[in-house]
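**Q** Supplied structure: upload.cif, mmCIF, C-alpha atoms.
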```cif
data_my_file
#
loop_
_atom_site.label_atom_id
_atom_site.label_comp_id
_atom_site.auth_asym_id
_atom_site.auth_seq_id
_atom_site.Cartn_x
_atom_site.Cartn_y
_atom_site.Cartn_z
CA ASP A 1 97.86 109.91 75.59
CA THR A 2 99.94 112.39 77.51
CA GLU A 3 99.15 116.01 78.34
CA VAL A 4 102.41 117.10 76.74
CA THR A 5 102.27 116.96 72.96
CA GLN A 6 105.38 116.70 70.83
CA THR A 7 105.62 117.04 67.06
CA PRO A 8 106.73 115.51 64.87
CA LYS A 9 106.79 111.95 66.19
CA HIS A 10 109.56 111.00 63.78
CA LEU A 11 112.09 113.14 61.92
CA VAL A 12 114.84 112.23 59.49
CA MET A 13 117.21 115.00 58.55
CA GLY A 14 120.49 115.45 56.76
CA MET A 15 123.50 117.05 58.36
CA THR A 16 122.98 120.30 56.44
CA ASN A 17 119.26 120.65 57.21
CA LYS A 18 117.55 122.99 59.64
CA LYS A 19 114.52 121.63 61.47
CA SER A 20 112.55 122.31 64.64
CA LEU A 21 110.97 120.13 67.28
CA LYS A 22 107.84 121.42 68.98
CA CYS A 23 106.31 120.81 72.38
CA GLU A 24 103.04 122.07 73.87
CA GLN A 25 101.43 121.73 77.29
CA HIS A 26 98.21 123.17 78.70
CA MET A 27 98.58 122.24 82.35
CA GLY A 28 99.63 125.73 83.41
CA HIS A 29 103.14 124.54 84.17
CA ARG A 30 105.83 127.23 84.19
CA ALA A 31 108.90 124.98 83.91
CA MET A 32 109.66 123.14 80.68
CA TYR A 33 112.51 120.81 79.83
CA TRP A 34 114.29 119.16 76.93
CA TYR A 35 115.85 115.75 77.50
CA LYS A 36 117.77 113.54 75.08
CA GLN A 37 117.61 109.76 75.35
CA LYS A 38 119.70 107.25 73.44
CA ALA A 39 118.89 103.54 73.32
CA LYS A 40 119.34 101.72 76.63
CA LYS A 41 120.42 104.97 78.33
CA PRO A 42 118.63 107.26 80.78
CA PRO A 43 117.12 110.57 79.69
CA GLU A 44 119.82 113.27 79.85
CA LEU A 45 118.88 116.84 80.66
CA MET A 46 119.63 119.41 77.96
CA PHE A 47 117.76 122.61 78.85
CA VAL A 48 115.35 123.97 81.46
CA TYR A 49 113.09 126.97 81.02
CA SER A 50 111.45 128.63 83.98
CA TYR A 51 108.83 131.31 83.38
CA GLU A 52 109.91 131.42 79.72
CA LYS A 53 113.52 132.15 80.65
CA LEU A 54 116.39 129.74 80.08
CA SER A 55 117.60 128.69 83.53
CA ILE A 56 119.73 125.61 82.83
CA ASN A 57 121.85 124.74 79.77
CA GLU A 58 123.76 121.53 80.35
CA SER A 59 126.66 122.54 78.08
CA VAL A 60 124.69 121.55 75.00
CA PRO A 61 126.39 122.24 71.61
CA SER A 62 125.14 125.35 69.85
CA ARG A 63 123.72 123.29 66.98
CA PHE A 64 120.79 122.80 69.39
CA SER A 65 118.96 126.06 70.04
CA PRO A 66 115.98 126.14 72.42
CA GLU A 67 113.19 128.67 72.38
CA CYS A 68 110.23 129.26 74.68
CA PRO A 69 107.82 131.63 72.87
CA ASN A 70 105.20 131.48 75.66
CA SER A 71 104.34 129.50 78.76
CA SER A 72 102.71 126.68 76.79
CA LEU A 73 105.22 126.19 73.99
CA LEU A 74 108.79 124.98 73.79
CA ASN A 75 110.80 124.58 70.60
CA LEU A 76 114.16 123.02 69.85
CA HIS A 77 115.82 124.32 66.69
CA LEU A 78 118.27 121.98 65.04
CA HIS A 79 121.03 122.93 62.62
CA ALA A 80 124.08 121.10 61.25
CA LEU A 81 123.52 118.02 63.39
CA GLN A 82 125.77 115.00 63.44
CA PRO A 83 124.72 111.33 63.11
CA GLU A 84 125.55 110.83 66.81
CA ASP A 85 122.78 113.31 67.63
CA SER A 86 120.24 110.68 66.56
CA ALA A 87 118.11 109.94 69.61
CA LEU A 88 114.68 110.28 71.21
CA TYR A 89 114.14 113.91 72.21
CA LEU A 90 111.76 114.26 75.12
CA CYS A 91 109.96 117.37 76.29
CA ALA A 92 108.64 117.63 79.84
CA SER A 93 106.90 120.18 82.02
CA SER A 94 106.39 120.69 85.73
CA GLN A 95 105.26 123.29 88.21
CA ASP A 96 108.06 125.78 88.71
CA LEU A 97 110.50 124.68 91.39
CA ARG A 98 112.38 127.90 92.03
CA GLN A 99 113.09 129.07 95.52
CA GLY A 100 111.46 126.09 97.15
CA LYS A 101 107.97 127.17 96.16
CA VAL A 102 106.96 123.70 95.03
CA ARG A 103 109.29 121.04 96.27
CA ASN A 104 107.72 117.91 94.95
CA SER A 105 106.59 118.52 91.41
CA PRO A 106 107.02 115.53 89.09
CA LEU A 107 107.85 115.80 85.41
CA HIS A 108 105.15 115.25 82.81
CA PHE A 109 106.73 113.93 79.62
CA GLY A 110 105.58 113.85 76.04
CA ASN A 111 106.20 110.75 73.96
CA GLY A 112 109.15 112.30 72.22
CA THR A 113 110.43 112.90 68.72
CA ARG A 114 112.52 110.09 67.28
CA LEU A 115 115.28 111.92 65.40
CA THR A 116 117.54 110.28 62.85
CA VAL A 117 120.42 112.28 61.36
CA THR A 118 121.78 110.88 58.11
CA SER B 119 131.31 112.15 90.96
CA GLN B 120 127.56 111.79 91.32
CA LYS B 121 126.07 108.42 90.41
CA ILE B 122 122.64 106.84 90.34
CA GLU B 123 122.83 103.08 90.01
CA GLN B 124 120.08 100.71 89.05
CA ASN B 125 120.45 97.11 88.05
CA SER B 126 120.56 97.48 84.28
CA GLU B 127 119.98 93.78 83.77
CA ALA B 128 116.40 92.70 83.24
CA LEU B 129 114.40 91.35 86.13
CA ASN B 130 112.09 88.45 85.30
CA ILE B 131 109.42 87.44 87.78
CA GLN B 132 106.34 85.25 87.81
CA GLU B 133 102.92 86.84 87.68
CA GLY B 134 101.48 87.39 91.13
CA LYS B 135 104.86 87.72 92.86
CA THR B 136 106.34 90.90 94.27
CA ALA B 137 108.94 92.67 92.15
CA THR B 138 111.62 94.63 94.00
CA LEU B 139 113.83 97.11 92.15
CA THR B 140 116.82 98.89 93.68
CA CYS B 141 118.19 102.39 93.24
CA ASN B 142 121.50 103.36 94.87
CA TYR B 143 123.12 106.77 94.71
CA THR B 144 126.43 108.38 95.63
CA ASN B 145 127.49 111.99 96.16
CA TYR B 146 123.94 113.30 96.19
CA SER B 147 121.98 115.08 98.90
CA PRO B 148 118.58 114.39 97.42
CA ALA B 149 115.67 116.61 98.30
CA TYR B 150 113.45 113.87 97.01
CA LEU B 151 113.44 110.78 94.84
CA GLN B 152 111.00 109.84 92.11
CA TRP B 153 110.13 106.66 90.25
CA TYR B 154 108.96 106.60 86.65
CA ARG B 155 107.77 103.92 84.28
CA GLN B 156 108.85 103.94 80.64
CA ASP B 157 107.42 101.78 77.87
CA PRO B 158 109.34 101.28 74.58
CA GLY B 159 109.20 104.34 72.32
CA ARG B 160 107.30 106.45 74.86
CA GLY B 161 108.15 109.08 77.42
CA PRO B 162 108.55 108.25 81.12
CA VAL B 163 105.41 108.35 83.25
CA PHE B 164 105.61 109.50 86.87
CA LEU B 165 104.62 106.91 89.48
CA LEU B 166 105.67 107.93 92.98
CA LEU B 167 107.68 110.51 94.84
CA ILE B 168 109.26 110.24 98.28
CA ARG B 169 110.84 113.08 100.24
CA GLU B 170 114.14 112.98 102.11
CA ASN B 171 112.36 112.84 105.49
CA GLU B 172 109.95 110.03 104.52
CA LYS B 173 110.72 106.37 104.96
CA GLU B 174 107.95 104.80 102.91
CA LYS B 175 105.24 105.75 100.42
CA ARG B 176 102.44 103.62 98.99
CA LYS B 177 100.07 103.89 96.06
CA GLU B 178 97.82 100.96 95.26
CA ARG B 179 100.16 98.01 94.49
CA LEU B 180 103.28 100.19 94.55
CA LYS B 181 105.53 100.87 97.52
CA VAL B 182 108.70 102.94 97.70
CA THR B 183 111.18 103.10 100.56
CA PHE B 184 113.96 105.64 101.00
CA ASP B 185 116.96 105.12 103.27
CA THR B 186 119.22 108.19 103.23
CA THR B 187 121.76 106.43 105.46
CA LEU B 188 122.17 103.55 103.02
CA LYS B 189 121.66 105.96 100.11
CA GLN B 190 119.14 103.58 98.65
CA SER B 191 115.54 103.40 97.48
CA LEU B 192 113.57 100.22 96.93
CA PHE B 193 110.56 100.07 94.61
CA HIS B 194 108.08 97.24 95.10
CA ILE B 195 105.22 96.09 92.89
CA THR B 196 103.01 93.59 94.67
CA ALA B 197 100.78 91.05 92.89
CA SER B 198 102.63 91.79 89.67
CA GLN B 199 100.84 91.49 86.34
CA PRO B 200 102.14 91.13 82.76
CA ALA B 201 100.94 94.71 82.16
CA ASP B 202 103.56 95.86 84.70
CA SER B 203 106.32 94.84 82.26
CA ALA B 204 108.27 98.00 81.46
CA THR B 205 111.47 99.82 82.35
CA TYR B 206 111.41 101.56 85.72
CA LEU B 207 113.56 104.64 86.21
CA CYS B 208 114.72 106.13 89.46
CA ALA B 209 115.25 109.90 89.45
CA LEU B 210 116.85 112.23 91.98
CA VAL B 211 116.39 115.90 92.62
CA ASP B 212 119.41 117.24 94.45
CA SER B 213 118.78 119.63 97.34
CA GLY B 214 120.99 122.19 95.64
CA GLY B 215 119.22 122.22 92.31
CA TYR B 216 115.49 121.78 92.42
CA GLN B 217 115.04 122.05 88.68
CA LYS B 218 117.58 119.40 87.78
CA VAL B 219 116.06 115.92 87.71
CA THR B 220 118.67 113.23 87.01
CA PHE B 221 117.70 109.72 85.96
CA GLY B 222 119.20 106.32 86.56
CA ILE B 223 119.58 103.91 83.67
CA GLY B 224 116.45 102.00 84.65
CA THR B 225 115.63 98.36 85.29
CA LYS B 226 113.63 96.40 82.74
CA LEU B 227 110.96 94.32 84.44
CA GLN B 228 109.38 91.36 82.67
CA VAL B 229 106.39 89.73 84.37
CA ILE B 230 105.86 86.22 83.06
CA PRO B 231 102.29 84.88 82.95
#
```
Would you mind writing the structure in this file as structure tokens?
**A**
Amino acid sequence: DTEVTQTPKHLVMGMTNKKSLKCEQHMGHRAMYWYKQKAKKPPELMFVYSYEKLSINESVPSRFSPECPNSSLLNLHLHALQPEDSALYLCASSQDLRQGKVRNSPLHFGNGTRLTVT
Amino acid sequence: SQKIEQNSEALNIQEGKTATLTCNYTNYSPAYLQWYRQDPGRGPVFLLLIRENEKEKRKERLKVTFDTTLKQSLFHITASQPADSATYLCALVDSGGYQKVTFGIGTKLQVIP
């Protein structure tokens, strides 16, 4: 088991649905990440939050909307997705890396939400 | 453009041998390089990290080398076991963007009993 918990494990949604993915960590980490991974591809960075503020958005379409309600929680709100958005969505956390404070902090991943858009 | 290259073909080795996986990169100035293990349907798990000014790092049966001149890292698993079978991902953190961790495609290792 990992120290980053993601729910749900699996999600099937239609293109008109609205759903949310949830992620929780209790390691005191102040940086949290969303990655997307398709089969036989590497994880691709979507968003980074640092101290509950969005610091990186990798030009992700607006049908994906992240939210960081507090330092332990990270959500990804989904709306009007396309079938090509089907993938494994991974949440990760790390110590905050801003301004060279911590230069060698690895990512701690959850086991992901397997999303299928029909 | 920036690239991280790993041999995307599977590597099959006999149990007890040393597995060596390669990670090459271009157009990066990495602050450090990380290796992760990923099992099917699960998230990556961190294994080792090596900084730009380090040549080699070890942890139990794992060894990582980092050659910034060749722009290459090698990842070794000695005395390999069937339980080591997984996909191994190389990840770079560029010196200009500490929060952005970029992954290679990974190499699938199969250890044959």
**Q** Evaluate the PyMOL selection byres ((chain A and resi 71) around 8) here and jot the selected residues down as a PyMOL selection string.
**A** chain A and resi 28-30+51-52+68-70+72-73
**Q** Show me, as a tab-separated table, the residues of chain A having an atom within 10 Å of chain B, each with the closest atom pair and its distance in Å, using only C-alpha atoms.
**A**
```
residue	atom	partner	partner_atom	distance
A:Thr2	CA	B:Gly161	CA	8.9
A:Val4	CA	B:Gly161	CA	9.9
A:Ala31	CA	B:Gln217	CA	8.3
A:Met32	CA	B:Gln217	CA	9.7
A:Tyr33	CA	B:Gln217	CA	9.3
A:Gln37	CA	B:Gly161	CA	9.7
A:Ala39	CA	B:Gly159	CA	9.8
A:Lys40	CA	B:Ile223	CA	7.4
A:Lys41	CA	B:Ile223	CA	5.5
A:Pro42	CA	B:Ile223	CA	4.5
A:Pro43	CA	B:Phe221	CA	6.4
A:Glu44	CA	B:Thr220	CA	7.3
A:Leu45	CA	B:Thr220	CA	7.3
A:Phe47	CA	B:Lys218	CA	9.5
A:Val48	CA	B:Gln217	CA	7.5
A:Tyr49	CA	B:Gln217	CA	9.3
A:Ser50	CA	B:Gln217	CA	8.8
A:Ser55	CA	B:Gln217	CA	8.8
A:Ile56	CA	B:Lys218	CA	8.2
A:Glu58	CA	B:Lys218	CA	9.9
A:Leu88	CA	B:Gly159	CA	8.2
A:Tyr89	CA	B:Gly161	CA	9.3
A:Leu90	CA	B:Gly161	CA	6.7
A:Cys91	CA	B:Gly161	CA	8.6
A:Ala92	CA	B:Gly161	CA	8.9
A:Ser94	CA	B:Gln217	CA	9.2
A:Gln95	CA	B:Gln217	CA	9.9
A:Asp96	CA	B:Gln217	CA	7.9
A:Leu97	CA	B:Tyr216	CA	5.9
A:Arg98	CA	B:Tyr216	CA	6.9
A:Gln99	CA	B:Tyr216	CA	8.3
A:Gly100	CA	B:Tyr216	CA	7.6
A:Lys101	CA	B:Tyr216	CA	10.0
A:Val102	CA	B:Tyr216	CA	9.1
A:Arg103	CA	B:Tyr216	CA	7.3
A:Asn104	CA	B:Tyr150	CA	7.3
A:Ser105	CA	B:Leu167	CA	8.8
A:Pro106	CA	B:Phe164	CA	6.6
A:Leu107	CA	B:Phe164	CA	6.8
A:His108	CA	B:Val163	CA	6.9
A:Phe109	CA	B:Gly161	CA	5.5
A:Gly110	CA	B:Gly161	CA	5.6
A:Asn111	CA	B:Gly161	CA	4.3
A:Gly112	CA	B:Gly161	CA	6.2
A:Thr113	CA	B:Gly159	CA	9.4
A:Arg114	CA	B:Gly159	CA	8.3
```
**Q** Expand the PyMOL selection byres ((chain B and resi 187) around 12) into the explicit residue set it covers here, and present it as a list in words.
**A**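 Output from the PyMOL selection byres ((chain B and resi 187) around 12), applied to this file: Asn142, Tyr143, Thr144, Tyr146, Ser147, Pro148, Glu170, Asn171, Lys173, Phe184, Asp185, Thr186, Leu188, Lys189, Gln190 and Ser191 of chain B.
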**Q** By how many Å are CA of Ile230 in chain B and CA of Thr196 in chain B apart?
**A**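 Separating CA of Ile230 in chain B from CA of Thr196 in chain B is a distance of 14.0 Å.
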**Q** Please measure the separation of CA of His26 in chain A and CA of Leu74 in chain A, giving the value in Å to one decimal.
**A**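 Answer for the CA of His26 in chain A to CA of Leu74 in chain A separation: 11.8 Å.
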**Q** Please enumerate the residues selected by the PyMOL selection byres ((chain B and resi 228) around 7) when evaluated against the supplied file, formatted as a list of chain:residue names.
**A** B:Leu129, B:Asn130, B:Ile131, B:Ser203, B:Ala204, B:Lys226, B:Leu227, B:Val229, B:Ile230
**Q** What's the separation between CA of Ile122 in chain B and CA of Arg176 in chain B, in Å to one decimal place?
**A**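 Interatomic distance here is 22.2 Å.
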**Q** Point out the residue among A:His10, A:Lys22, A:Met27, A:Asn17 with the least atom-to-atom distance to Ser93 in chain A, counting all atoms listed in the file.
**A**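 For Ser93 in chain A, the nearest of the candidates is A:Met27.
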**Q** Using only C-alpha atoms, which protein or nucleic acid residues come within 8 Å of Asn125 in chain B? Drop anything in the same chain fewer than 3 positions from it, and give the result as an MDAnalysis selection string.
**A** chainID B and resid 128 139:141 224:225
